[in-house]
>>> print(open('target-v6.tsv').read())   # TSV, C-alpha atoms and all ligand atoms
chain	number	residue	atom	x	y	z
A	272	MET	CA	-92.16	-4.44	-43.26
A	273	SER	CA	-88.71	-3.33	-44.33
A	274	GLY	CA	-87.99	-0.53	-46.75
A	275	SER	CA	-87.85	-2.99	-49.63
A	276	GLY	CA	-91.35	-4.26	-48.86
A	277	ALA	CA	-90.09	-7.75	-48.01
A	278	PRO	CA	-91.47	-9.26	-44.79
A	279	LEU	CA	-89.54	-8.81	-41.58
A	280	VAL	CA	-87.11	-11.62	-40.69
A	281	ASP	CA	-87.18	-11.87	-36.90
A	282	LEU	CA	-84.10	-13.74	-35.68
A	283	ARG	CA	-84.11	-12.43	-32.11
A	284	SER	CA	-85.16	-15.82	-30.77
A	285	ASP	CA	-86.90	-19.08	-31.66
A	286	THR	CA	-89.49	-18.10	-29.04
A	287	VAL	CA	-91.12	-15.60	-31.43
A	288	THR	CA	-92.94	-18.29	-33.43
A	289	ARG	CA	-96.74	-18.28	-33.43
A	290	PRO	CA	-98.80	-21.48	-33.39
A	291	VAL	CA	-99.58	-22.64	-36.93
A	292	PRO	CA	-103.25	-23.19	-37.91
A	293	ALA	CA	-103.08	-26.99	-37.54
A	294	MET	CA	-101.58	-26.59	-34.06
A	295	ARG	CA	-104.38	-24.18	-33.13
A	296	ALA	CA	-106.92	-26.72	-34.40
A	297	ALA	CA	-105.35	-29.44	-32.23
A	298	MET	CA	-105.53	-27.07	-29.24
A	299	ALA	CA	-109.19	-26.28	-29.90
A	300	GLU	CA	-110.09	-29.95	-30.04
A	301	ALA	CA	-108.09	-31.09	-27.00
A	302	GLU	CA	-109.80	-33.24	-24.41
A	303	VAL	CA	-109.33	-31.49	-21.05
A	304	GLY	CA	-109.97	-31.80	-17.31
A	305	ASP	CA	-108.72	-30.24	-14.09
A	306	ASP	CA	-105.01	-31.03	-14.06
A	307	VAL	CA	-104.59	-30.11	-10.38
A	308	TYR	CA	-106.90	-33.10	-9.72
A	309	GLY	CA	-104.78	-35.10	-12.21
A	310	GLU	CA	-107.74	-35.26	-14.58
A	311	ASP	CA	-106.45	-33.71	-17.79
A	312	PRO	CA	-105.88	-36.59	-20.22
A	313	THR	CA	-103.98	-34.44	-22.74
A	314	VAL	CA	-101.51	-33.14	-20.15
A	315	ASP	CA	-101.10	-36.70	-18.90
A	316	ARG	CA	-100.37	-37.92	-22.42
A	317	LEU	CA	-97.77	-35.19	-23.00
A	318	GLU	CA	-96.02	-35.84	-19.68
A	319	ARG	CA	-95.88	-39.60	-20.28
A	320	ARG	CA	-94.71	-39.22	-23.86
A	321	ILE	CA	-91.83	-36.90	-23.04
A	322	ALA	CA	-90.79	-38.97	-20.02
A	323	GLU	CA	-90.65	-42.03	-22.26
A	324	LEU	CA	-88.72	-40.20	-25.01
A	325	LEU	CA	-86.13	-39.19	-22.42
A	326	GLY	CA	-85.91	-42.58	-20.74
A	327	HIS	CA	-87.50	-41.46	-17.45
A	328	GLU	CA	-90.43	-42.61	-15.31
A	329	ALA	CA	-92.47	-39.43	-15.07
A	330	GLY	CA	-92.92	-35.91	-16.42
A	331	LEU	CA	-94.33	-32.59	-15.20
A	332	PHE	CA	-95.78	-29.93	-17.49
A	333	THR	CA	-94.71	-26.38	-16.57
A	334	PRO	CA	-95.53	-22.99	-18.10
A	335	THR	CA	-91.85	-22.11	-18.63
A	336	GLY	CA	-88.44	-23.67	-19.02
A	337	SER	CA	-87.15	-21.60	-16.13
A	338	LEU	CA	-89.73	-23.20	-13.83
A	339	ALA	CA	-88.89	-26.70	-15.11
A	340	ASN	CA	-85.19	-26.02	-14.43
A	341	GLN	CA	-85.88	-24.52	-11.02
A	342	LEU	CA	-88.13	-27.37	-9.89
A	343	GLY	CA	-85.47	-29.84	-11.01
A	344	LEU	CA	-82.70	-27.98	-9.18
A	345	ARG	CA	-84.79	-27.71	-6.02
A	346	MET	CA	-85.29	-31.47	-6.04
A	347	LEU	CA	-81.55	-32.11	-6.45
A	348	VAL	CA	-79.94	-29.47	-4.22
A	349	PRO	CA	-80.78	-28.95	-0.49
A	350	PRO	CA	-80.67	-25.35	0.78
A	351	GLY	CA	-77.12	-24.21	1.59
A	352	GLN	CA	-75.53	-26.63	-0.85
A	353	GLU	CA	-74.23	-25.83	-4.29
A	354	LEU	CA	-74.90	-26.31	-7.96
A	355	LEU	CA	-71.99	-26.33	-10.41
A	356	CYS	CA	-72.55	-25.10	-13.96
A	357	ASP	CA	-70.73	-23.32	-16.74
A	358	VAL	CA	-70.37	-19.55	-16.40
A	359	THR	CA	-72.70	-18.78	-19.32
A	360	ALA	CA	-75.39	-21.36	-18.38
A	361	HIS	CA	-79.02	-20.23	-18.63
A	362	VAL	CA	-79.58	-21.35	-15.01
A	363	ALA	CA	-76.72	-19.08	-13.88
A	364	ARG	CA	-77.26	-16.07	-16.15
A	365	ALA	CA	-80.85	-15.93	-17.37
A	366	GLU	CA	-83.08	-17.10	-14.52
A	367	LEU	CA	-82.68	-13.99	-12.37
A	368	GLY	CA	-81.08	-15.73	-9.41
A	369	ALA	CA	-84.09	-18.04	-8.94
A	370	ALA	CA	-82.08	-20.94	-7.50
A	371	ALA	CA	-80.79	-18.66	-4.73
A	372	VAL	CA	-84.08	-16.81	-4.18
A	373	PHE	CA	-86.41	-19.80	-4.05
A	374	SER	CA	-84.23	-22.74	-3.05
A	375	GLY	CA	-81.29	-21.33	-1.03
A	376	ILE	CA	-78.87	-22.77	-3.59
A	377	THR	CA	-75.42	-21.29	-4.16
A	378	THR	CA	-73.95	-21.60	-7.63
A	379	ARG	CA	-70.28	-22.01	-8.53
A	380	THR	CA	-69.32	-21.78	-12.19
A	381	TRP	CA	-66.52	-22.91	-14.50
A	382	ALA	CA	-65.22	-21.11	-17.58
A	383	SER	CA	-65.86	-22.76	-20.92
A	384	GLU	CA	-65.23	-22.37	-24.62
A	385	ARG	CA	-68.63	-21.71	-26.24
A	386	GLY	CA	-70.29	-23.53	-23.34
A	387	ARG	CA	-68.73	-26.83	-24.39
A	388	LEU	CA	-68.63	-29.47	-21.64
A	389	ASP	CA	-65.28	-30.85	-20.53
A	390	ALA	CA	-66.41	-33.24	-17.77
A	391	ALA	CA	-63.00	-33.22	-16.06
A	392	VAL	CA	-63.53	-29.58	-15.04
A	393	PRO	CA	-66.68	-29.94	-12.89
A	394	LEU	CA	-65.46	-33.33	-11.63
A	395	ALA	CA	-62.32	-31.63	-10.33
A	396	MET	CA	-64.34	-28.79	-8.76
A	397	MET	CA	-66.99	-30.83	-6.98
A	398	GLN	CA	-66.82	-31.41	-3.23
A	399	PRO	CA	-69.70	-33.68	-2.30
A	400	ASP	CA	-68.91	-33.84	1.42
A	401	ALA	CA	-67.16	-30.57	2.14
A	402	GLY	CA	-67.47	-30.77	5.93
A	403	PRO	CA	-68.60	-28.07	8.36
A	404	TYR	CA	-66.78	-25.07	6.81
A	405	PHE	CA	-67.19	-25.39	3.07
A	406	VAL	CA	-70.17	-25.62	0.76
A	407	SER	CA	-71.00	-29.17	-0.32
A	408	THR	CA	-71.72	-29.87	-3.98
A	409	ALA	CA	-75.12	-31.47	-4.58
A	410	ALA	CA	-75.57	-31.20	-8.36
A	411	ILE	CA	-73.99	-30.33	-11.69
A	412	ALA	CA	-76.01	-28.80	-14.55
A	413	VAL	CA	-75.27	-29.19	-18.26
A	414	GLU	CA	-76.99	-27.26	-21.09
A	415	ASN	CA	-77.58	-28.91	-24.49
A	416	THR	CA	-77.65	-27.24	-26.91
A	417	HIS	CA	-75.84	-24.36	-25.27
A	418	ASN	CA	-77.68	-21.09	-25.84
A	419	LEU	CA	-75.12	-18.35	-25.13
A	420	GLY	CA	-72.39	-20.64	-26.47
A	421	GLY	CA	-74.05	-20.30	-29.89
A	422	GLY	CA	-76.15	-23.47	-30.11
A	423	THR	CA	-73.20	-25.66	-29.12
A	424	VAL	CA	-73.94	-29.39	-29.32
A	425	GLN	CA	-72.49	-31.14	-26.28
A	426	PRO	CA	-70.43	-34.30	-26.81
A	427	LEU	CA	-72.34	-37.35	-25.54
A	428	GLU	CA	-69.06	-38.97	-24.53
A	429	GLN	CA	-68.36	-36.09	-22.10
A	430	ALA	CA	-71.81	-36.51	-20.55
A	431	ARG	CA	-70.99	-40.20	-20.06
A	432	VAL	CA	-67.67	-39.30	-18.40
A	433	LEU	CA	-69.56	-36.91	-16.11
A	434	ARG	CA	-72.08	-39.62	-15.15
A	435	ARG	CA	-69.32	-42.13	-14.40
A	436	GLY	CA	-67.46	-39.46	-12.41
A	437	VAL	CA	-70.35	-38.71	-10.05
A	438	GLU	CA	-71.29	-42.38	-9.55
A	439	GLY	CA	-71.18	-43.21	-5.84
A	440	THR	CA	-70.53	-39.60	-4.75
A	441	GLY	CA	-74.15	-38.53	-4.20
A	442	VAL	CA	-73.71	-35.64	-6.67
A	443	ARG	CA	-76.65	-35.54	-9.08
A	444	LEU	CA	-76.98	-34.26	-12.64
A	445	HIS	CA	-79.48	-31.88	-14.25
A	446	LEU	CA	-79.77	-31.38	-17.99
A	447	ASP	CA	-81.15	-28.06	-19.22
A	448	GLY	CA	-82.36	-29.49	-22.50
A	449	ALA	CA	-84.43	-26.52	-23.63
A	450	ARG	CA	-83.06	-27.23	-27.13
A	451	LEU	CA	-82.17	-30.91	-26.71
A	452	TRP	CA	-84.41	-31.48	-29.77
A	453	ASN	CA	-81.94	-29.50	-31.88
A	454	ALA	CA	-79.00	-31.56	-30.58
A	455	HIS	CA	-80.93	-34.75	-31.33
A	456	VAL	CA	-81.65	-33.67	-34.92
A	457	ALA	CA	-78.11	-32.37	-35.50
A	458	THR	CA	-76.39	-35.55	-34.25
A	459	GLY	CA	-78.94	-38.34	-34.66
A	460	GLU	CA	-78.24	-39.32	-31.04
A	461	SER	CA	-81.33	-40.58	-29.25
A	462	LEU	CA	-83.06	-38.38	-26.70
A	463	ALA	CA	-83.11	-41.30	-24.26
A	464	ASP	CA	-79.34	-41.84	-24.52
A	465	TRP	CA	-79.00	-38.26	-23.28
A	466	GLY	CA	-81.90	-38.30	-20.84
A	467	ARG	CA	-80.84	-41.45	-19.00
A	468	LEU	CA	-77.48	-39.92	-18.02
A	469	PHE	CA	-79.22	-37.23	-15.93
A	470	ASP	CA	-81.37	-37.33	-12.79
A	471	THR	CA	-83.61	-34.53	-14.08
A	472	VAL	CA	-84.07	-33.10	-17.58
A	473	SER	CA	-86.03	-30.05	-18.73
A	474	VAL	CA	-87.13	-29.61	-22.34
A	475	CYS	CA	-88.92	-26.64	-23.99
A	476	LEU	CA	-91.87	-26.88	-26.33
A	477	SER	CA	-92.00	-23.16	-27.04
A	478	LYS	CA	-88.59	-22.69	-28.69
A	479	GLY	CA	-87.89	-24.40	-32.00
A	480	LEU	CA	-90.88	-26.70	-31.56
A	481	GLY	CA	-93.22	-23.75	-32.00
A	482	ALA	CA	-95.75	-24.27	-29.19
A	483	PRO	CA	-97.02	-21.03	-27.61
A	484	VAL	CA	-96.01	-22.11	-24.09
A	485	GLY	CA	-94.73	-25.04	-22.11
A	486	SER	CA	-91.83	-27.11	-20.88
A	487	VAL	CA	-91.61	-30.54	-19.27
A	488	LEU	CA	-89.40	-31.71	-16.40
A	489	VAL	CA	-88.69	-35.43	-16.21
A	490	GLY	CA	-87.19	-37.62	-13.48
A	491	ASP	CA	-88.10	-40.65	-11.39
A	492	ALA	CA	-91.70	-40.99	-10.18
A	493	GLU	CA	-91.01	-39.94	-6.60
A	494	LEU	CA	-88.97	-36.87	-7.58
A	495	VAL	CA	-91.62	-35.74	-10.06
A	496	ALA	CA	-94.38	-36.23	-7.47
A	497	GLN	CA	-92.46	-33.90	-5.15
A	498	ALA	CA	-91.85	-31.41	-7.95
A	499	ARG	CA	-95.61	-31.45	-8.60
A	500	VAL	CA	-96.22	-30.30	-5.02
A	501	TRP	CA	-93.66	-27.53	-5.40
A	502	ARG	CA	-95.13	-26.46	-8.73
A	503	LYS	CA	-98.47	-25.92	-6.95
A	504	ARG	CA	-96.74	-24.16	-4.05
A	505	TYR	CA	-95.13	-21.75	-6.53
A	506	GLY	CA	-98.59	-21.01	-7.91
A	507	ALA	CA	-98.22	-22.90	-11.18
A	508	GLY	CA	-100.80	-25.65	-10.65
A	509	MET	CA	-102.88	-25.27	-13.78
A	510	ARG	CA	-106.39	-26.45	-14.59
A	511	GLN	CA	-107.71	-27.28	-18.11
A	512	VAL	CA	-104.29	-26.89	-19.72
A	513	GLY	CA	-104.79	-29.77	-22.10
A	514	VAL	CA	-105.34	-26.98	-24.64
A	515	LEU	CA	-101.66	-26.07	-24.15
A	516	ALA	CA	-100.38	-29.64	-23.86
A	517	ALA	CA	-102.11	-30.38	-27.19
A	518	ALA	CA	-99.84	-27.80	-28.81
A	519	GLY	CA	-96.85	-29.68	-27.40
A	520	LEU	CA	-98.12	-33.03	-28.69
A	521	TYR	CA	-98.70	-31.49	-32.12
A	522	ALA	CA	-95.15	-30.09	-32.04
A	523	LEU	CA	-93.68	-33.51	-31.22
A	524	ASP	CA	-95.51	-35.01	-34.20
A	525	HIS	CA	-94.74	-32.28	-36.73
A	526	HIS	CA	-91.95	-29.93	-35.65
A	527	VAL	CA	-88.99	-32.05	-34.53
A	528	GLU	CA	-87.50	-33.39	-37.78
A	529	ARG	CA	-87.98	-30.03	-39.50
A	530	LEU	CA	-85.43	-28.48	-37.11
A	531	ALA	CA	-82.90	-29.61	-39.74
A	532	ASP	CA	-84.22	-26.76	-41.93
A	533	ASP	CA	-83.49	-24.26	-39.16
A	534	HIS	CA	-79.96	-25.64	-38.86
A	535	ALA	CA	-79.41	-25.33	-42.62
A	536	HIS	CA	-80.67	-21.73	-42.53
A	537	ALA	CA	-78.32	-20.86	-39.66
A	538	ALA	CA	-75.43	-22.34	-41.67
A	539	VAL	CA	-76.33	-20.19	-44.71
A	540	ILE	CA	-76.29	-17.06	-42.56
A	541	ALA	CA	-73.05	-18.04	-40.79
A	542	ARG	CA	-71.28	-18.69	-44.12
A	543	ALA	CA	-72.28	-15.28	-45.45
A	544	CYS	CA	-71.13	-13.55	-42.26
A	545	ALA	CA	-67.80	-15.42	-42.25
A	546	GLY	CA	-67.41	-14.45	-45.90
A	547	ALA	CA	-67.74	-10.78	-44.95
A	548	VAL	CA	-65.69	-10.93	-41.73
A	549	PRO	CA	-63.83	-14.22	-41.22
A	550	THR	CA	-63.23	-13.61	-37.49
A	551	ALA	CA	-66.94	-13.04	-36.78
A	552	VAL	CA	-67.90	-16.73	-36.71
A	553	ASP	CA	-66.38	-20.15	-37.29
A	554	VAL	CA	-68.83	-21.85	-39.64
A	555	ASP	CA	-67.83	-25.29	-38.35
A	556	ASP	CA	-69.19	-24.29	-34.92
A	557	VAL	CA	-72.66	-23.62	-36.32
A	558	ARG	CA	-74.42	-26.97	-36.16
A	559	THR	CA	-77.86	-25.98	-34.87
A	560	ASN	CA	-80.15	-22.94	-35.07
A	561	ILE	CA	-78.11	-20.33	-33.18
A	562	VAL	CA	-75.34	-18.13	-34.56
A	563	VAL	CA	-73.28	-15.89	-32.30
A	564	LEU	CA	-71.28	-13.24	-34.17
A	565	ASP	CA	-68.18	-11.86	-32.47
A	566	LEU	CA	-67.52	-8.29	-33.60
A	567	ALA	CA	-64.30	-7.81	-31.61
A	568	GLY	CA	-61.70	-6.61	-34.09
A	569	THR	CA	-64.24	-5.35	-36.64
A	570	GLY	CA	-64.40	-1.85	-35.18
A	571	ARG	CA	-68.20	-2.17	-35.07
A	572	THR	CA	-70.40	-2.50	-31.99
A	573	SER	CA	-73.25	-4.93	-31.63
A	574	ARG	CA	-75.66	-2.01	-31.41
A	575	GLN	CA	-74.50	-0.67	-34.78
A	576	VAL	CA	-74.97	-4.05	-36.44
A	577	VAL	CA	-78.37	-4.62	-34.78
A	578	GLU	CA	-79.56	-1.19	-35.96
A	579	ALA	CA	-78.16	-1.54	-39.49
A	580	ALA	CA	-79.86	-4.93	-39.88
A	581	ALA	CA	-83.15	-3.69	-38.38
A	582	ALA	CA	-83.21	-0.82	-40.89
A	583	GLN	CA	-83.29	-3.50	-43.59
A	584	GLY	CA	-85.94	-5.64	-41.95
A	585	VAL	CA	-83.74	-8.19	-40.14
A	586	ARG	CA	-84.01	-8.33	-36.36
A	587	VAL	CA	-81.16	-9.79	-34.29
A	588	SER	CA	-80.10	-9.36	-30.63
A	589	ALA	CA	-77.10	-7.62	-29.05
A	590	PHE	CA	-75.50	-9.68	-26.28
A	591	GLY	CA	-73.00	-7.32	-24.72
A	592	PRO	CA	-70.96	-4.72	-26.65
A	593	THR	CA	-69.47	-7.03	-29.30
A	594	LEU	CA	-71.67	-10.13	-29.49
A	595	VAL	CA	-74.72	-10.46	-31.73
A	596	ARG	CA	-77.00	-13.51	-31.49
A	597	LEU	CA	-79.42	-14.71	-34.13
A	598	VAL	CA	-81.71	-17.72	-34.02
A	599	THR	CA	-83.52	-19.43	-36.91
A	600	HIS	CA	-86.97	-21.01	-36.47
A	601	LEU	CA	-90.05	-22.26	-38.28
A	602	GLU	CA	-91.17	-18.82	-39.45
A	603	VAL	CA	-87.91	-18.30	-41.37
A	604	ASP	CA	-88.03	-19.83	-44.85
A	605	ASP	CA	-85.30	-20.16	-47.52
A	606	ASP	CA	-85.92	-16.64	-48.81
A	607	GLY	CA	-85.83	-15.19	-45.30
A	608	ALA	CA	-82.54	-16.94	-44.54
A	609	ASP	CA	-81.00	-15.73	-47.81
A	610	ARG	CA	-82.10	-12.18	-47.14
A	611	ALA	CA	-80.84	-12.26	-43.55
A	612	ALA	CA	-77.51	-13.62	-44.81
A	613	GLN	CA	-77.15	-10.77	-47.30
A	614	VAL	CA	-78.25	-8.04	-44.87
A	615	LEU	CA	-76.04	-9.25	-42.00
A	616	ALA	CA	-72.99	-9.73	-44.21
A	617	GLY	CA	-73.48	-6.13	-45.38
A	618	ALA	CA	-73.99	-4.84	-41.83
A	619	LEU	CA	-70.84	-6.61	-40.63
A	620	ALA	CA	-68.71	-5.28	-43.44
A	621	GLY	CA	-70.00	-1.79	-42.53
B	701	LIG	C1	-85.20	-20.52	-23.16
B	701	LIG	C2	-84.35	-21.33	-22.28
B	701	LIG	C3	-84.82	-21.79	-21.05
B	701	LIG	C4	-86.21	-21.51	-20.50
B	701	LIG	O1	-86.66	-20.25	-20.72
B	701	LIG	P1	-88.14	-19.76	-20.38
B	701	LIG	O2	-88.18	-18.43	-21.05
B	701	LIG	O3	-88.25	-19.69	-18.91
B	701	LIG	O4	-89.12	-20.74	-20.95
B	701	LIG	C5	-83.98	-22.57	-20.30
B	701	LIG	N1	-82.75	-22.88	-20.73
B	701	LIG	C6	-82.28	-22.46	-21.91
B	701	LIG	C7	-80.91	-22.88	-22.35
B	701	LIG	C8	-83.04	-21.66	-22.73
B	701	LIG	O5	-82.56	-21.25	-23.90
>>> encode(input="target-v6.tsv", output="structure tokens")
Amino acid sequence: MSGSGAPLVDLRSDTVTRPVPAMRAAMAEAEVGDDVYGEDPTVDRLERRIAELLGHEAGLFTPTGSLANQLGLRMLVPPGQELLCDVTAHVARAELGAAAVFSGITTRTWASERGRLDAAVPLAMMQPDAGPYFVSTAAIAVENTHNLGGGTVQPLEQARVLRRGVEGTGVRLHLDGARLWNAHVATGESLADWGRLFDTVSVCLSKGLGAPVGSVLVGDAELVAQARVWRKRYGAGMRQVGVLAAAGLYALDHHVERLADDHAHAAVIARACAGAVPTAVDVDDVRTNIVVLDLAGTGRTSRQVVEAAAAQGVRVSAFGPTLVRLVTHLEVDDDGADRAAQVLAGALAG
């Protein structure tokens, strides 16, 4: 509770949501079996449904998005070859070097503006057959929406240019679609139009969709069968996890279209912050549920703003000395968004 007695508004991440009562009921009632034996009908239903939504043959349920990404990358990149991705990509910055540790993958990055994809850049960098001295490029990863970029929605046309550019080269494409749902709701573009452009796609159920746990990796049947072996090898073969898959199925039925509310709330907060400090955020960039505030030039540090907001019951995250990130989600209602807007605008103005 804040000093005013109003409830806390926790904007640190969209992962902080707790399963709603109807989701818990669906979990309690789930039909289950031993998924390592391929006998959990609810997991099977979730995997098939997400594969179909994304225009792929098969899906694999994983406990985390990091594991879904890492299984996809392992399938696409042989040891000693490289992955290309943008310098602020989750796979490069927030998975603790997993691609190198587990799969012997080197990563080469390109600079970007808010994570936005310009396909010409990786296409110019890639070297699919680099010979005996240089590292050969095996895959390119794209993130949509882009987390550290501030919820950036990637242009579908650039993804199409990327697909055409790798055609016939052997270079394959991975989509980190942890928040692809948000891009889908913000643009109206179909999930399958995005999914079909990539060899592997990961999506999260535990971000804006509000499930307590879970991601799904999709690809062709043979690739997913191999990823299933590696999931077990990593120790993530799970048994009666239909109780968790049921949360994901509930989320697909009830929590996708409502992401538009989260986007509207983020816009309210961004407008208030831009009103207080115009250089902090460009409101036109805020199209989904993430707002990144840039404090450079305000004379304030991210820590000061985080602490000032926390003192008034609004929790946000510091990303480096001058960046503050906030994320809206299904536990933030209209009143919460209005209060966060007011508190953050005040904290920015100092
Ligand atoms: C959250 C997230 C992931 C996966 O994170 P986990 O905490 O491992 O589930 C992957 N990519 C992006 C862009 C994310 O935001």
>>> closest_atom_pairs(input="target-v6.tsv", of="chain A", to="ligand LIG 701 (chain B)", cutoff="8 Å", atoms="all atoms listed in the file", output="JSON lines")
{"residue": "A:Thr286", "atom": "CA", "partner": "B:LIG701", "partner_atom": "C1", "distance": 7.7}
{"residue": "A:Pro334", "atom": "CA", "partner": "B:LIG701", "partner_atom": "O4", "distance": 7.4}
{"residue": "A:Thr335", "atom": "CA", "partner": "B:LIG701", "partner_atom": "O4", "distance": 3.8}
{"residue": "A:Gly336", "atom": "CA", "partner": "B:LIG701", "partner_atom": "C4", "distance": 3.4}
{"residue": "A:Ser337", "atom": "CA", "partner": "B:LIG701", "partner_atom": "O3", "distance": 3.5}
{"residue": "A:Leu338", "atom": "CA", "partner": "B:LIG701", "partner_atom": "O3", "distance": 6.3}
{"residue": "A:Ala339", "atom": "CA", "partner": "B:LIG701", "partner_atom": "C4", "distance": 7.9}
{"residue": "A:Asn340", "atom": "CA", "partner": "B:LIG701", "partner_atom": "C5", "distance": 6.9}
{"residue": "A:Ala360", "atom": "CA", "partner": "B:LIG701", "partner_atom": "C7", "distance": 7.0}
{"residue": "A:His361", "atom": "CA", "partner": "B:LIG701", "partner_atom": "C7", "distance": 4.9}
{"residue": "A:Val362", "atom": "CA", "partner": "B:LIG701", "partner_atom": "N1", "distance": 6.7}
{"residue": "A:Ala365", "atom": "CA", "partner": "B:LIG701", "partner_atom": "C5", "distance": 7.9}
{"residue": "A:Glu366", "atom": "CA", "partner": "B:LIG701", "partner_atom": "O3", "distance": 7.3}
{"residue": "A:Glu414", "atom": "CA", "partner": "B:LIG701", "partner_atom": "C7", "distance": 6.0}
{"residue": "A:Asn415", "atom": "CA", "partner": "B:LIG701", "partner_atom": "C7", "distance": 7.2}
{"residue": "A:Thr416", "atom": "CA", "partner": "B:LIG701", "partner_atom": "C7", "distance": 7.1}
{"residue": "A:His417", "atom": "CA", "partner": "B:LIG701", "partner_atom": "C7", "distance": 6.0}
{"residue": "A:Asn418", "atom": "CA", "partner": "B:LIG701", "partner_atom": "C7", "distance": 5.1}
{"residue": "A:Leu419", "atom": "CA", "partner": "B:LIG701", "partner_atom": "C7", "distance": 7.9}
{"residue": "A:Asp447", "atom": "CA", "partner": "B:LIG701", "partner_atom": "N1", "distance": 5.6}
{"residue": "A:Gly448", "atom": "CA", "partner": "B:LIG701", "partner_atom": "C7", "distance": 6.8}
{"residue": "A:Ala449", "atom": "CA", "partner": "B:LIG701", "partner_atom": "C6", "distance": 4.9}
{"residue": "A:Arg450", "atom": "CA", "partner": "B:LIG701", "partner_atom": "C7", "distance": 6.8}
{"residue": "A:Ser473", "atom": "CA", "partner": "B:LIG701", "partner_atom": "C5", "distance": 7.9}
{"residue": "A:Val474", "atom": "CA", "partner": "B:LIG701", "partner_atom": "C5", "distance": 8.0}
{"residue": "A:Cys475", "atom": "CA", "partner": "B:LIG701", "partner_atom": "O4", "distance": 6.6}
{"residue": "A:Ser477", "atom": "CA", "partner": "B:LIG701", "partner_atom": "O4", "distance": 7.2}
{"residue": "A:Lys478", "atom": "CA", "partner": "B:LIG701", "partner_atom": "C1", "distance": 6.8}
{"residue": "A:Val484", "atom": "CA", "partner": "B:LIG701", "partner_atom": "O4", "distance": 7.7}
{"residue": "A:Gly485", "atom": "CA", "partner": "B:LIG701", "partner_atom": "O4", "distance": 7.2}
{"residue": "A:Ser486", "atom": "CA", "partner": "B:LIG701", "partner_atom": "O4", "distance": 6.9}
>>> residues_around(input="target-v6.tsv", residues="Leu427 of chain A", least_positions_apart="4", cutoff="9 Å", atoms="only C-alpha atoms", output="PyMOL selection string")
chain A and resi 431-432+460+464-465
>>> residues_around(input="target-v6.tsv", residues="segment 392-400 of chain A", least_positions_apart="4", cutoff="12 Å", atoms="only C-alpha atoms", output="compact mmCIF listing (two decimals) with C-alpha atoms, in the coordinates of the input")
# COMPACT_ATOMS: atom_id res chain seq x y z
CA VAL A 348 -79.94 -29.47 -4.22
CA GLN A 352 -75.53 -26.63 -0.85
CA GLU A 353 -74.23 -25.83 -4.29
CA LEU A 354 -74.90 -26.31 -7.96
CA LEU A 355 -71.99 -26.33 -10.41
CA CYS A 356 -72.55 -25.10 -13.96
CA ASP A 357 -70.73 -23.32 -16.74
CA VAL A 358 -70.37 -19.55 -16.40
CA THR A 378 -73.95 -21.60 -7.63
CA ARG A 379 -70.28 -22.01 -8.53
CA THR A 380 -69.32 -21.78 -12.19
CA TRP A 381 -66.52 -22.91 -14.50
CA ALA A 382 -65.22 -21.11 -17.58
CA SER A 383 -65.86 -22.76 -20.92
CA ARG A 387 -68.73 -26.83 -24.39
CA LEU A 388 -68.63 -29.47 -21.64
CA TYR A 404 -66.78 -25.07 6.81
CA PHE A 405 -67.19 -25.39 3.07
CA VAL A 406 -70.17 -25.62 0.76
CA SER A 407 -71.00 -29.17 -0.32
CA THR A 408 -71.72 -29.87 -3.98
CA ALA A 409 -75.12 -31.47 -4.58
CA ALA A 410 -75.57 -31.20 -8.36
CA ILE A 411 -73.99 -30.33 -11.69
CA ALA A 412 -76.01 -28.80 -14.55
CA VAL A 413 -75.27 -29.19 -18.26
CA GLN A 429 -68.36 -36.09 -22.10
CA ALA A 430 -71.81 -36.51 -20.55
CA VAL A 432 -67.67 -39.30 -18.40
CA LEU A 433 -69.56 -36.91 -16.11
CA ARG A 434 -72.08 -39.62 -15.15
CA ARG A 435 -69.32 -42.13 -14.40
CA GLY A 436 -67.46 -39.46 -12.41
CA VAL A 437 -70.35 -38.71 -10.05
CA GLU A 438 -71.29 -42.38 -9.55
CA GLY A 439 -71.18 -43.21 -5.84
CA THR A 440 -70.53 -39.60 -4.75
CA GLY A 441 -74.15 -38.53 -4.20
CA VAL A 442 -73.71 -35.64 -6.67
CA ARG A 443 -76.65 -35.54 -9.08
CA LEU A 444 -76.98 -34.26 -12.64
>>> atom_distance(input="target-v6.tsv", atom1="atom CA of His600 of chain A", atom2="atom CA of Ala543 of chain A")
18.1 Å
>>> residues_around(input="target-v6.tsv", residues="segment 510-520 of chain A", least_positions_apart="4", cutoff="12 Å", atoms="only C-alpha atoms", output="MDAnalysis selection string")
chainID A and resid 289:321 331:335 474:487 503 506 524:527
>>> closest_residue(input="target-v6.tsv", among="A:Gly490, A:Gly466, A:Pro403, A:Gly420", to="Met346 of chain A", atoms="all atoms listed in the file")
A:Gly490
>>> atom_distance(input="target-v6.tsv", atom1="atom CA of Ala582 of chain A", atom2="atom CA of Val554 of chain A")
25.5 Å
>>> atom_distance(input="target-v6.tsv", atom1="atom CA of Pro426 of chain A", atom2="atom CA of Val472 of chain A")
16.5 Å
>>> closest_residue(input="target-v6.tsv", among="A:Trp501, A:Leu601, A:Leu594, A:Leu279", to="Ala522 of chain A", atoms="all atoms listed in the file")
A:Leu601
>>> closest_residue(input="target-v6.tsv", among="A:Leu488, A:Leu282, A:Val576, A:Ala457", to="Val598 of chain A", atoms="all atoms listed in the file")
A:Leu282
>>> closest_residue(input="target-v6.tsv", among="A:Gly375, A:Gly584, A:Gly402, A:Gly421", to="Asn560 of chain A", atoms="all atoms listed in the file")
A:Gly421
>>> axis_aligned_box(input="target-v6.tsv", around="segment 542-561 of chain A", padding_each_side="5 Å", output="JSON")
{"center_x": -71.7, "center_y": -18.9, "center_z": -39.5, "size_x": 26.9, "size_y": 26.2, "size_z": 22.7}
